[in-house]
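input-v9.cif follows; it contains mmCIF, C-alpha atoms.
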```cif
data_final
loop_
_atom_site.label_atom_id
_atom_site.label_comp_id
_atom_site.auth_asym_id
_atom_site.auth_seq_id
_atom_site.Cartn_x
_atom_site.Cartn_y
_atom_site.Cartn_z
CA MET X 309 24.98 78.20 27.67
CA PRO X 310 27.55 75.57 28.74
CA ASP X 311 28.35 75.18 32.40
CA PHE X 312 31.83 76.21 33.61
CA PRO X 313 32.09 75.22 37.29
CA LEU X 314 35.75 76.28 37.50
CA LEU X 315 34.69 79.89 37.07
CA ASN X 316 33.28 79.56 40.57
CA ALA X 317 36.07 77.40 42.03
CA ASN X 318 37.89 78.44 45.17
CA ARG X 319 41.56 79.40 45.11
CA ASP X 320 42.85 75.96 46.11
CA GLU X 321 40.79 74.30 43.38
CA LEU X 322 42.03 76.79 40.80
CA THR X 323 45.66 76.25 41.83
CA SER X 324 45.34 72.46 41.59
CA HIS X 325 43.73 72.84 38.17
CA GLN X 326 46.53 75.12 36.94
CA ILE X 327 49.27 72.76 38.16
CA GLU X 328 47.64 69.80 36.45
CA ARG X 329 47.13 71.74 33.21
CA PHE X 330 50.70 73.02 33.15
CA ARG X 331 52.10 69.52 33.62
CA LYS X 332 49.94 68.34 30.74
CA LEU X 333 51.19 71.26 28.66
CA LEU X 334 54.81 70.29 29.27
CA ASP X 335 54.11 66.64 28.44
CA SER X 336 52.43 67.67 25.18
CA VAL X 337 55.00 70.26 24.08
CA LEU X 338 58.24 68.44 24.93
CA PRO X 339 60.31 67.28 23.20
CA GLY X 340 58.66 68.18 19.87
CA ASN X 341 58.73 71.98 20.28
CA SER X 342 62.33 73.08 19.64
CA PHE X 343 61.74 76.63 20.91
CA TRP X 344 60.78 75.50 24.40
CA LEU X 345 63.21 72.58 24.48
CA LYS X 346 66.11 74.93 23.76
CA LYS X 347 64.89 77.48 26.32
CA ILE X 348 64.57 74.83 29.03
CA ILE X 349 68.00 73.36 28.31
CA GLU X 350 69.71 76.78 28.29
CA ALA X 351 68.05 77.69 31.61
CA GLY X 352 68.96 74.38 33.22
CA TRP X 353 65.30 73.96 34.14
CA LYS X 354 63.94 70.45 34.55
CA PRO X 355 60.21 69.76 34.06
CA GLU X 356 60.19 67.30 36.97
CA GLN X 357 61.10 70.11 39.37
CA PHE X 358 57.69 71.71 38.79
CA GLN X 359 55.51 70.78 41.76
CA THR X 360 53.87 74.07 42.77
CA LEU X 361 53.15 77.40 41.10
CA GLU X 362 56.11 78.82 43.04
CA ASP X 363 58.37 76.48 41.05
CA LEU X 364 57.30 78.18 37.84
CA LYS X 365 59.10 81.34 38.96
CA SER X 366 62.47 79.69 38.24
CA PHE X 367 61.45 79.29 34.58
CA PRO X 368 62.87 82.13 32.41
CA LEU X 369 60.59 84.91 31.21
CA THR X 370 59.70 85.15 27.52
CA THR X 371 59.64 88.44 25.60
CA LYS X 372 58.07 89.62 22.36
CA GLN X 373 61.52 90.60 21.08
CA GLU X 374 62.61 87.00 21.62
CA LEU X 375 59.67 85.70 19.58
CA VAL X 376 60.23 88.21 16.76
CA ALA X 377 63.93 87.28 16.59
CA ASP X 378 63.01 83.58 16.48
CA GLN X 379 60.66 84.17 13.55
CA LEU X 380 63.37 86.10 11.72
CA ASP X 381 65.87 83.28 12.30
CA ASN X 382 63.39 80.49 11.60
CA GLY X 383 61.03 82.11 9.14
CA PRO X 384 58.32 82.45 8.35
CA TYR X 385 56.65 81.05 11.50
CA GLY X 386 59.45 80.56 14.02
CA SER X 387 60.34 77.45 15.99
CA ASN X 388 57.51 77.63 18.55
CA LEU X 389 55.65 74.84 16.75
CA THR X 390 54.90 71.62 18.60
CA TYR X 391 53.73 69.67 15.56
CA PRO X 392 54.60 69.32 11.86
CA ILE X 393 53.40 72.27 9.79
CA GLU X 394 50.68 70.23 8.08
CA LYS X 395 48.90 69.89 11.45
CA TYR X 396 48.19 73.64 11.56
CA SER X 397 45.00 75.02 10.05
CA ARG X 398 44.85 78.75 10.93
CA LEU X 399 47.24 81.67 10.54
CA HIS X 400 46.88 85.00 12.32
CA GLN X 401 49.15 87.98 12.78
CA THR X 402 49.69 90.68 15.39
CA SER X 403 48.90 94.29 14.55
CA GLY X 404 52.53 95.39 14.68
CA THR X 405 51.62 98.44 16.78
CA THR X 406 54.83 98.19 18.82
CA GLY X 407 57.13 96.67 16.19
CA LYS X 408 57.34 93.98 13.52
CA PRO X 409 54.14 91.87 13.28
CA MET X 410 54.33 88.28 14.47
CA ARG X 411 52.68 85.37 12.70
CA TRP X 412 50.86 82.79 14.81
CA LEU X 413 49.67 79.35 13.76
CA ASP X 414 46.97 77.22 15.40
CA THR X 415 46.01 73.57 15.09
CA PRO X 416 42.30 72.65 15.19
CA ASP X 417 42.75 71.64 18.85
CA SER X 418 44.41 74.94 19.75
CA TRP X 419 41.62 76.82 17.99
CA ASN X 420 39.06 74.84 19.96
CA TRP X 421 40.85 75.94 23.12
CA LEU X 422 40.48 79.57 22.01
CA MET X 423 36.78 78.89 21.51
CA GLN X 424 36.57 77.57 25.09
CA CYS X 425 38.11 80.83 26.28
CA TRP X 426 35.47 82.80 24.40
CA ALA X 427 32.72 80.54 25.74
CA GLN X 428 33.75 81.49 29.28
CA ILE X 429 33.96 85.16 28.32
CA PHE X 430 30.40 85.03 27.00
CA GLU X 431 29.31 83.29 30.20
CA LEU X 432 30.83 86.09 32.30
CA ILE X 433 29.16 88.90 30.34
CA GLY X 434 25.79 87.17 30.41
CA LEU X 435 25.29 86.28 26.74
CA ARG X 436 21.67 85.58 25.86
CA ASP X 437 20.29 83.15 23.28
CA GLU X 438 18.57 85.99 21.46
CA ASP X 439 21.69 88.20 21.22
CA ARG X 440 22.80 89.22 17.74
CA PHE X 441 26.43 90.20 17.18
CA TYR X 442 27.66 92.87 14.80
CA PHE X 443 31.34 93.12 13.83
CA PRO X 444 31.89 96.55 12.22
CA PHE X 445 35.34 96.10 10.68
CA SER X 446 37.17 94.48 7.83
CA PHE X 447 38.43 91.00 8.66
CA GLY X 448 42.21 90.95 8.28
CA PRO X 449 44.88 88.69 9.84
CA PHE X 450 44.23 89.99 13.41
CA LEU X 451 43.07 87.10 15.60
CA GLY X 452 40.68 88.81 18.00
CA PHE X 453 37.66 89.43 15.80
CA TRP X 454 37.89 86.07 13.99
CA ALA X 455 37.91 84.27 17.35
CA ALA X 456 35.03 86.33 18.78
CA PHE X 457 32.98 85.79 15.60
CA ASP X 458 33.60 82.04 15.55
CA GLY X 459 33.03 81.74 19.30
CA ALA X 460 29.63 83.44 19.16
CA ASN X 461 28.69 81.56 16.00
CA ARG X 462 29.37 78.22 17.69
CA PHE X 463 26.82 79.16 20.34
CA GLY X 464 24.25 79.59 17.62
CA ASN X 465 24.02 83.36 17.94
CA LEU X 466 23.46 85.35 14.77
CA CYS X 467 26.80 86.92 13.75
CA ILE X 468 26.87 89.72 11.17
CA SER X 469 30.06 90.89 9.47
CA GLY X 470 30.32 94.56 8.51
CA GLY X 471 33.49 94.37 6.43
CA GLY X 472 34.08 96.25 3.19
CA ILE X 473 31.43 98.97 3.68
CA SER X 474 31.44 102.52 5.02
CA SER X 475 30.90 103.39 8.67
CA GLU X 476 27.53 104.94 7.85
CA ALA X 477 26.47 101.77 6.04
CA ARG X 478 27.61 99.70 9.01
CA LEU X 479 25.46 101.74 11.37
CA ARG X 480 22.39 101.33 9.18
CA MET X 481 23.07 97.61 8.79
CA MET X 482 23.37 96.97 12.53
CA LEU X 483 20.10 98.84 13.10
CA GLU X 484 18.32 97.04 10.28
CA HIS X 485 19.27 93.63 11.67
CA GLU X 486 18.61 94.69 15.29
CA ALA X 487 22.08 93.79 16.55
CA THR X 488 22.28 93.69 20.34
CA LEU X 489 26.06 93.34 20.88
CA ILE X 490 28.77 95.25 19.00
CA CYS X 491 32.43 94.14 19.01
CA CYS X 492 34.93 96.91 18.26
CA THR X 493 37.78 99.00 19.63
CA PRO X 494 36.86 101.85 22.03
CA THR X 495 38.19 104.26 19.40
CA TYR X 496 35.88 102.97 16.69
CA GLY X 497 32.93 102.83 19.07
CA MET X 498 33.37 106.58 19.61
CA ARG X 499 33.91 107.18 15.90
CA LEU X 500 30.56 105.51 15.16
CA ILE X 501 28.90 107.83 17.69
CA GLU X 502 30.40 110.79 15.83
CA ILE X 503 29.11 109.53 12.48
CA ALA X 504 25.67 108.69 13.88
CA GLU X 505 25.30 112.24 15.20
CA ALA X 506 26.43 113.76 11.90
CA GLU X 507 24.10 111.57 9.81
CA GLY X 508 21.11 111.73 12.13
CA ILE X 509 21.17 107.99 12.86
CA ASP X 510 19.48 107.14 16.16
CA ILE X 511 21.64 104.55 17.89
CA LYS X 512 20.52 105.44 21.41
CA ASN X 513 17.10 103.89 20.83
CA SER X 514 18.40 100.89 18.88
CA ALA X 515 18.42 97.25 20.01
CA VAL X 516 22.11 97.51 20.96
CA ARG X 517 22.44 96.64 24.65
CA GLY X 518 26.21 96.19 24.91
CA LEU X 519 29.60 96.91 23.36
CA ILE X 520 32.47 94.45 23.79
CA VAL X 521 35.56 96.60 23.35
CA ALA X 522 39.19 95.53 23.09
CA GLY X 523 42.44 96.15 21.23
CA GLU X 524 43.55 99.18 23.27
CA PRO X 525 43.11 100.68 26.76
CA GLY X 526 39.83 102.52 27.16
CA GLY X 527 37.07 100.16 28.13
CA CYS X 528 37.77 100.73 31.82
CA ILE X 529 38.82 104.41 31.56
CA PRO X 530 35.88 106.28 33.17
CA ALA X 531 35.65 109.15 30.67
CA ILE X 532 35.71 106.79 27.68
CA ARG X 533 33.19 104.43 29.28
CA GLU X 534 30.85 107.32 29.95
CA ARG X 535 31.08 108.56 26.37
CA LEU X 536 30.43 105.12 24.93
CA THR X 537 27.65 104.38 27.41
CA GLU X 538 25.94 107.71 26.80
CA GLY X 539 26.42 107.68 23.03
CA TRP X 540 25.06 104.17 22.55
CA ASN X 541 22.79 103.96 25.60
CA ALA X 542 24.39 100.56 26.17
CA ARG X 543 26.59 98.65 28.63
CA VAL X 544 30.32 98.60 27.91
CA PHE X 545 32.23 95.33 28.45
CA ASP X 546 35.99 95.68 28.41
CA HIS X 547 37.93 92.70 27.08
CA TRP X 548 41.62 91.76 26.87
CA GLY X 549 43.67 89.33 24.86
CA MET X 550 46.57 89.10 22.42
CA THR X 551 47.03 87.27 19.14
CA GLU X 552 49.97 85.36 20.58
CA ILE X 553 48.30 84.27 23.84
CA GLY X 554 44.55 84.25 23.18
CA ALA X 555 41.49 85.86 24.78
CA LEU X 556 42.01 85.71 28.54
CA ALA X 557 40.10 88.47 30.35
CA VAL X 558 36.76 90.26 30.30
CA GLU X 559 34.68 92.64 32.37
CA GLU X 560 31.93 90.69 34.10
CA ALA X 561 28.36 91.88 33.93
CA ASP X 562 28.28 92.46 37.71
CA CYS X 563 31.85 93.81 38.11
CA PRO X 564 32.20 97.12 36.26
CA ASP X 565 35.62 98.77 35.88
CA THR X 566 37.59 95.55 36.37
CA LEU X 567 38.87 92.79 34.09
CA THR X 568 38.38 89.22 35.30
CA MET X 569 41.28 86.96 34.32
CA LEU X 570 40.44 83.49 32.98
CA GLU X 571 42.66 81.71 35.46
CA THR X 572 40.87 78.57 34.36
CA GLU X 573 42.97 78.82 31.16
CA CYS X 574 46.14 80.62 32.22
CA ILE X 575 48.55 81.33 35.06
CA VAL X 576 48.85 85.01 35.93
CA GLU X 577 51.79 86.83 37.49
CA ILE X 578 52.26 90.56 38.04
CA LEU X 579 55.89 91.67 38.28
CA ASP X 580 57.76 94.92 38.70
CA PRO X 581 58.93 95.61 35.12
CA GLN X 582 62.33 96.77 36.38
CA THR X 583 63.20 94.31 39.15
CA LEU X 584 61.03 91.45 37.79
CA GLU X 585 59.96 90.70 41.34
CA PRO X 586 56.29 90.13 42.25
CA VAL X 587 54.39 93.26 43.26
CA PRO X 588 51.96 93.20 46.20
CA PRO X 589 48.21 93.30 45.46
CA GLY X 590 47.05 96.85 44.82
CA LYS X 591 50.34 97.98 43.26
CA PRO X 592 50.86 98.34 39.49
CA GLY X 593 53.08 95.91 37.63
CA GLU X 594 53.56 94.11 34.33
CA LEU X 595 51.17 91.32 33.40
CA ILE X 596 52.91 87.95 32.83
CA ILE X 597 50.91 85.13 31.23
CA THR X 598 51.30 81.37 30.83
CA ASN X 599 48.48 79.99 28.68
CA LEU X 600 47.40 76.42 29.36
CA GLY X 601 45.66 75.01 26.30
CA ARG X 602 47.32 76.28 23.14
CA TYR X 603 49.56 73.26 22.73
CA GLY X 604 50.38 73.96 19.09
CA SER X 605 52.18 77.23 19.94
CA PRO X 606 52.08 77.91 23.69
CA LEU X 607 53.63 80.75 25.68
CA ILE X 608 55.20 80.32 29.11
CA ARG X 609 55.80 83.30 31.40
CA TYR X 610 55.21 85.78 28.59
CA ARG X 611 55.87 89.47 29.27
CA THR X 612 52.80 91.15 27.79
CA GLY X 613 54.09 94.69 28.37
CA ASP X 614 50.70 95.67 29.85
CA ILE X 615 50.58 97.51 33.16
CA VAL X 616 47.87 96.28 35.53
CA GLU X 617 46.88 96.33 39.19
CA VAL X 618 45.05 93.65 41.15
CA GLU X 619 41.63 94.63 42.50
CA THR X 620 41.83 94.04 46.24
CA ASN X 621 38.11 94.36 47.01
CA ALA X 622 36.27 91.07 47.28
CA HIS X 623 34.22 89.83 44.35
CA PRO X 624 30.54 90.71 44.95
CA HIS X 625 29.52 87.06 44.48
CA GLY X 626 32.55 85.41 46.06
CA ARG X 627 34.30 84.38 42.83
CA SER X 628 38.04 83.69 43.30
CA LEU X 629 39.31 84.65 39.85
CA MET X 630 41.81 87.51 39.84
CA ARG X 631 40.43 90.86 38.76
CA LEU X 632 42.40 93.81 37.39
CA LYS X 633 41.42 97.27 38.62
CA GLN X 634 40.51 99.60 35.73
CA GLY X 635 41.72 97.02 33.21
CA ILE X 636 44.90 97.72 31.28
CA GLN X 637 46.33 100.95 32.65
CA GLY X 638 49.18 101.40 30.16
CA ARG X 639 52.11 99.71 28.47
CA THR X 640 55.73 99.50 29.58
CA ASP X 641 56.93 100.58 26.13
CA ASP X 642 54.55 103.59 26.05
CA MET X 643 55.69 105.27 29.27
CA ILE X 644 56.64 108.90 28.70
CA THR X 645 58.93 110.99 30.90
CA ILE X 646 58.56 114.78 30.77
CA ARG X 647 60.46 116.92 33.28
CA GLY X 648 60.79 114.03 35.68
CA ASN X 649 57.12 113.04 35.45
CA ASN X 650 56.35 109.49 34.30
CA PHE X 651 52.95 108.81 32.74
CA TYR X 652 51.19 106.70 30.11
CA PRO X 653 49.26 108.02 27.09
CA SER X 654 46.11 106.47 28.56
CA ALA X 655 46.40 108.90 31.47
CA VAL X 656 46.31 111.84 29.05
CA GLU X 657 43.33 110.33 27.21
CA ALA X 658 41.48 109.88 30.50
CA ILE X 659 41.72 113.66 31.05
CA LEU X 660 40.90 114.71 27.49
CA ARG X 661 37.86 112.44 27.18
CA GLU X 662 36.22 114.19 30.13
CA PHE X 663 35.52 117.06 27.74
CA ALA X 664 32.35 116.23 25.82
CA ASP X 665 33.25 118.56 22.95
CA LEU X 666 36.48 116.71 22.16
CA VAL X 667 36.20 114.72 18.92
CA GLU X 668 39.76 113.43 18.42
CA TYR X 669 43.29 114.10 19.62
CA ARG X 670 46.94 113.35 18.92
CA LEU X 671 50.03 113.36 21.15
CA VAL X 672 53.25 114.56 19.57
CA LEU X 673 56.33 113.73 21.66
CA ILE X 674 59.21 115.92 20.54
CA THR X 675 62.76 115.29 21.74
CA VAL X 676 65.02 118.36 21.61
CA LYS X 677 68.61 117.87 22.80
CA SER X 678 67.56 114.79 24.80
CA MET X 679 64.75 116.75 26.47
CA GLY X 680 61.14 115.66 26.05
CA HIS X 681 58.37 118.05 25.03
CA LEU X 682 54.72 117.03 24.70
CA LYS X 683 52.38 118.74 22.25
CA ILE X 684 48.70 117.79 22.32
CA GLU X 685 46.56 118.44 19.25
CA ALA X 686 42.88 118.52 20.21
CA GLU X 687 40.07 118.51 17.66
CA LEU X 688 36.77 119.90 18.96
CA LYS X 689 33.25 119.72 17.57
CA PRO X 690 32.96 121.98 14.51
CA ASN X 691 29.90 123.95 15.65
CA LEU X 692 31.63 125.77 18.52
CA SER X 693 32.25 129.50 18.51
CA THR X 694 35.77 130.89 18.84
CA LYS X 695 34.97 132.00 22.39
CA GLU X 696 33.71 128.52 23.33
CA GLN X 697 36.81 126.91 21.82
CA GLU X 698 39.15 129.17 23.77
CA HIS X 699 37.27 128.48 27.01
CA ILE X 700 37.52 124.73 26.49
CA LYS X 701 41.21 125.02 25.61
CA SER X 702 41.91 127.02 28.77
CA THR X 703 39.98 124.60 31.00
CA MET X 704 41.58 121.57 29.35
CA SER X 705 45.08 123.04 29.75
CA GLU X 706 44.49 123.62 33.45
CA ALA X 707 43.19 120.06 33.96
CA LEU X 708 46.26 118.65 32.22
CA ARG X 709 48.60 120.81 34.31
CA LEU X 710 47.02 119.85 37.61
CA ARG X 711 46.90 116.10 36.97
CA LEU X 712 50.13 115.60 35.01
CA ASN X 713 52.18 117.98 37.16
CA PHE X 714 53.50 119.86 34.12
CA SER X 715 52.00 121.93 31.30
CA PRO X 716 52.04 120.26 27.89
CA GLU X 717 51.62 122.44 24.81
CA LEU X 718 47.95 122.32 23.79
CA VAL X 719 46.84 123.39 20.30
CA LEU X 720 43.42 123.19 18.68
CA ALA X 721 43.32 121.23 15.43
CA THR X 722 40.97 122.19 12.59
CA PRO X 723 37.85 120.01 12.14
CA GLU X 724 38.41 116.66 10.38
CA SER X 725 42.20 117.23 10.30
CA LEU X 726 43.21 114.39 12.65
CA PRO X 727 43.18 110.75 11.50
CA ARG X 728 40.31 108.39 12.36
CA PHE X 729 40.79 104.73 13.22
CA GLU X 730 38.81 101.55 12.66
CA MET X 731 41.19 99.32 14.64
CA LYS X 732 43.67 100.43 17.30
CA GLY X 733 44.05 104.18 17.60
CA ARG X 734 47.64 105.29 16.94
CA ARG X 735 47.63 108.69 18.54
CA LEU X 736 51.22 108.92 19.79
CA VAL X 737 53.72 110.39 17.34
CA ARG X 738 57.42 110.66 18.21
CA GLU X 739 59.56 113.32 16.58
CA THR X 740 63.17 114.44 17.04
CA GLU X 741 64.54 117.88 16.35
#
```

The structure given in the file should be rewritten as structure tokens.
Amino acid sequence: MPDFPLLNANRDELTSHQIERFRKLLDSVLPGNSFWLKKIIEAGWKPEQFQTLEDLKSFPLTTKQELVADQLDNGPYGSNLTYPIEKYSRLHQTSGTTGKPMRWLDTPDSWNWLMQCWAQIFELIGLRDEDRFYFPFSFGPFLGFWAAFDGANRFGNLCISGGGISSEARLRMMLEHEATLICCTPTYGMRLIEIAEAEGIDIKNSAVRGLIVAGEPGGCIPAIRERLTEGWNARVFDHWGMTEIGALAVEEADCPDTLTMLETECIVEILDPQTLEPVPPGKPGELIITNLGRYGSPLIRYRTGDIVEVETNAHPHGRSLMRLKQGIQGRTDDMITIRGNNFYPSAVEAILREFADLVEYRLVLITVKSMGHLKIEAELKPNLSTKEQEHIKSTMSEALRLRLNFSPELVLATPESLPRFEMKGRRLVRETE
């Protein structure tokens, strides 16, 4: 494995590194990138005024809506391009979960930067020379799995693609080739457990030692971690990144239930999503990212929409990199208000996943005369008796009432009636009456 001394740098060394990298970013991007040149001119911000990280706070924030609008006005790729189009060699696209998908281009140098991010991620999880990766999904335009595959392949690890075949075939393939690390969403990791149990495929005694999960909250939610850990008999590594900013956080091997930010490759801020003021450590806020090596299409002070909280306990080995307690806790655009109670869908999932007999669920948010009503459809294992189902429903309803401070409508769905997901689970449905 390569050596990354900055992963163990102290705070002063990290800050100096970030300042130097950001200055280099500005020198490389201006004046060729019209998106950032226009933004700087309109804000009256001068690059020479940047001397400390505090000075970055006077730079305007950047939103996804702004990027989408820019791509509509300057289609098909937008104006956030530092170089002529012929310099770009890769195209990826966001999932479009929260709106219109965005296209993102990378030059060979920018892609190499993404590979450096993955190299550090693999260092933090303790990648071994003998590890074999399995990627149980179809390769589409989403960046994450392409980057993880290429990153592991560059290390010389065996990388196996499971695209274009059934979930059962994927399970048998990963066992046949003795894969040790699986990359997938938490949702699909649990779906594979369900299929393995139904088909009598023994994954608990396989060579799989770890799952690297990403794409949605869940890797750091205790109930989901426990289900994945128990079902696979393997360690769960949560991971975070976005197509538009890159792979920038992972759960370290020795730091369960937290995401370590790659401050070697980005500047991190956590702001109150309403006031846009910094929140104190230990309080939740919105994650703001400035990446430092994607010169072809960089992002400065980007509002990710993810709600996070800084871990205030010291790193067990003295590392200075920021860690996020319980990973991504929710999204600003997913917050639901019912009878004066604010909560995120991940909070509901954390309760539901504590019930081992739950197979799948769906949240239906119904608005009636401007009033919110939450219906939860819960699908249980098919072999339960009517009495057992009613007991679970009653216990689940009480747990929801006590922890959400209101009583959502809970109904039991028939077996196999709810949708299954290979990529991000889309379990929130909004309806209006």

Original post:
Between X:Lys332, X:Arg611, X:Arg738, X:Arg602, which has the minimum distance to Leu671 in chain X (counting all atoms listed in the file)?
Top reply: X:Arg738

Subject >> Expected selection from the PyMOL selection byres ((chain X and resi 371) around 12), given as a ChimeraX atom specification >> reply: /X:368-370,372-378,552,581,595-597,607-613

I need the chosen residues saved as a tab-separated table (two decimals), keeping the file's coordinate frame, with C-alpha atoms.
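So out_38.tsv came out as:
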```tsv
chain	number	residue	atom	x	y	z
X	368	PRO	CA	62.87	82.13	32.41
X	369	LEU	CA	60.59	84.91	31.21
X	370	THR	CA	59.70	85.15	27.52
X	372	LYS	CA	58.07	89.62	22.36
X	373	GLN	CA	61.52	90.60	21.08
X	374	GLU	CA	62.61	87.00	21.62
X	375	LEU	CA	59.67	85.70	19.58
X	376	VAL	CA	60.23	88.21	16.76
X	377	ALA	CA	63.93	87.28	16.59
X	378	ASP	CA	63.01	83.58	16.48
X	552	GLU	CA	49.97	85.36	20.58
X	581	PRO	CA	58.93	95.61	35.12
X	595	LEU	CA	51.17	91.32	33.40
X	596	ILE	CA	52.91	87.95	32.83
X	597	ILE	CA	50.91	85.13	31.23
X	607	LEU	CA	53.63	80.75	25.68
X	608	ILE	CA	55.20	80.32	29.11
X	609	ARG	CA	55.80	83.30	31.40
X	610	TYR	CA	55.21	85.78	28.59
X	611	ARG	CA	55.87	89.47	29.27
X	612	THR	CA	52.80	91.15	27.79
X	613	GLY	CA	54.09	94.69	28.37
```

**OP:** Carefully work through the PyMOL selection byres ((chain X and resi 656) around 10) for this structure and note down the residues it includes, as an MDAnalysis selection string.
**Re:** chainID X and resid 651:655 657:661 671 684 708 711:712

Original post:
Applied to the shown file, which residues does the PyMOL selection byres ((chain X and resi 732) around 8) return, written as a PyMOL selection string?
Top reply: chain X and resi 493+495+523-524+729-731+733-734

**OP:** Go through X:Met482, X:Leu466, X:Ala721, X:Leu413 one by one, measure the shortest atom-to-atom distance of each to Ile553 in chain X using only C-alpha atoms, and give the residue with the smallest value.
**Re:**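 Under the stated criterion, the closest residue is X:Leu413.
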
**OP:** Find the distance between CA of Asn388 in chain X and CA of Asp641 in chain X and write it in Å to one decimal.
**Re:**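 These atoms are spaced 24.2 Å apart.
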
Original post:
Smallest atom-to-atom distance to Asp580 in chain X: which of X:Leu399, X:Val616, X:Met481, X:Leu556, using all atoms listed in the file?
Top reply: X:Val616

Subject >> Residues within 6 Å of Gly680 in chain X, only C-alpha atoms, excluding chain neighbours under 3 positions, as number ranges by chain >> reply: X: 646, 674-675

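Nearest residue to Pro564 in chain X, choosing from X:Pro588, X:Pro624, X:Pro384, X:Pro444 and counting all atoms listed in the file: X:Pro624.
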
Original post:
In terms of the shortest atom-to-atom distance over all atoms listed in the file, which of X:Leu726, X:Leu322, X:Met423, X:Met410 is closest to Ile575 in chain X?
Top reply: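 Among the listed residues, X:Leu322 lies closest to Ile575 in chain X.
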
**OP:** Compile the contact shell of Trp540 in chain X as a PyMOL selection string: residues with an atom at most 12 Å away, counting only C-alpha atoms, same-chain residues fewer than 5 positions apart removed.
**Re:** chain X and resi 479+483+488-490+497-502+504-505+509-519+533-535

Hey, can you spit out that residue selection with C-alpha atoms as a short mmCIF file (atom, residue, chain, number, x, y, z; two decimals), in the frame of the given file?
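File produced: again_14.cif:
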```
data_model
loop_
_atom_site.label_atom_id
_atom_site.label_comp_id
_atom_site.auth_asym_id
_atom_site.auth_seq_id
_atom_site.Cartn_x
_atom_site.Cartn_y
_atom_site.Cartn_z
CA LEU X 479 25.46 101.74 11.37
CA LEU X 483 20.10 98.84 13.10
CA THR X 488 22.28 93.69 20.34
CA LEU X 489 26.06 93.34 20.88
CA ILE X 490 28.77 95.25 19.00
CA GLY X 497 32.93 102.83 19.07
CA MET X 498 33.37 106.58 19.61
CA ARG X 499 33.91 107.18 15.90
CA LEU X 500 30.56 105.51 15.16
CA ILE X 501 28.90 107.83 17.69
CA GLU X 502 30.40 110.79 15.83
CA ALA X 504 25.67 108.69 13.88
CA GLU X 505 25.30 112.24 15.20
CA ILE X 509 21.17 107.99 12.86
CA ASP X 510 19.48 107.14 16.16
CA ILE X 511 21.64 104.55 17.89
CA LYS X 512 20.52 105.44 21.41
CA ASN X 513 17.10 103.89 20.83
CA SER X 514 18.40 100.89 18.88
CA ALA X 515 18.42 97.25 20.01
CA VAL X 516 22.11 97.51 20.96
CA ARG X 517 22.44 96.64 24.65
CA GLY X 518 26.21 96.19 24.91
CA LEU X 519 29.60 96.91 23.36
CA ARG X 533 33.19 104.43 29.28
CA GLU X 534 30.85 107.32 29.95
CA ARG X 535 31.08 108.56 26.37
#
```

**OP:** Considering all atoms listed in the file, state which residue in the set X:Leu435, X:Val576, X:Leu338, X:Ala557 is at the smallest distance from Leu361 in chain X.
**Re:** X:Val576

Please define a box with edges along x, y and z of the file around all atoms of range 709-713 of chain X given in the file, extend it by 8 Å on each side, and return its centre and edge lengths in Å to one decimal, as JSON.
```
{"center_x": 49.5, "center_y": 118.2, "center_z": 36.0, "size_x": 21.3, "size_y": 21.2, "size_z": 19.3}
```

**OP:** Please indicate the distance in Å from CA of Thr415 in chain X to CA of Val337 in chain X, rounded to one decimal place.
**Re:**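 So the two atoms, CA of Thr415 in chain X and CA of Val337 in chain X, lie 13.1 Å apart.
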
Original post:
What lies within 12 Å of Ser397 in chain X using all atoms listed in the file, ignoring chain neighbours under 5 positions off, as a list in words?
Top reply: Tyr391, Pro392, Trp412, Leu413, Asp414, Thr415, Pro416, Asp417, Ser418, Trp419, Asn420 and Gly604 of chain X
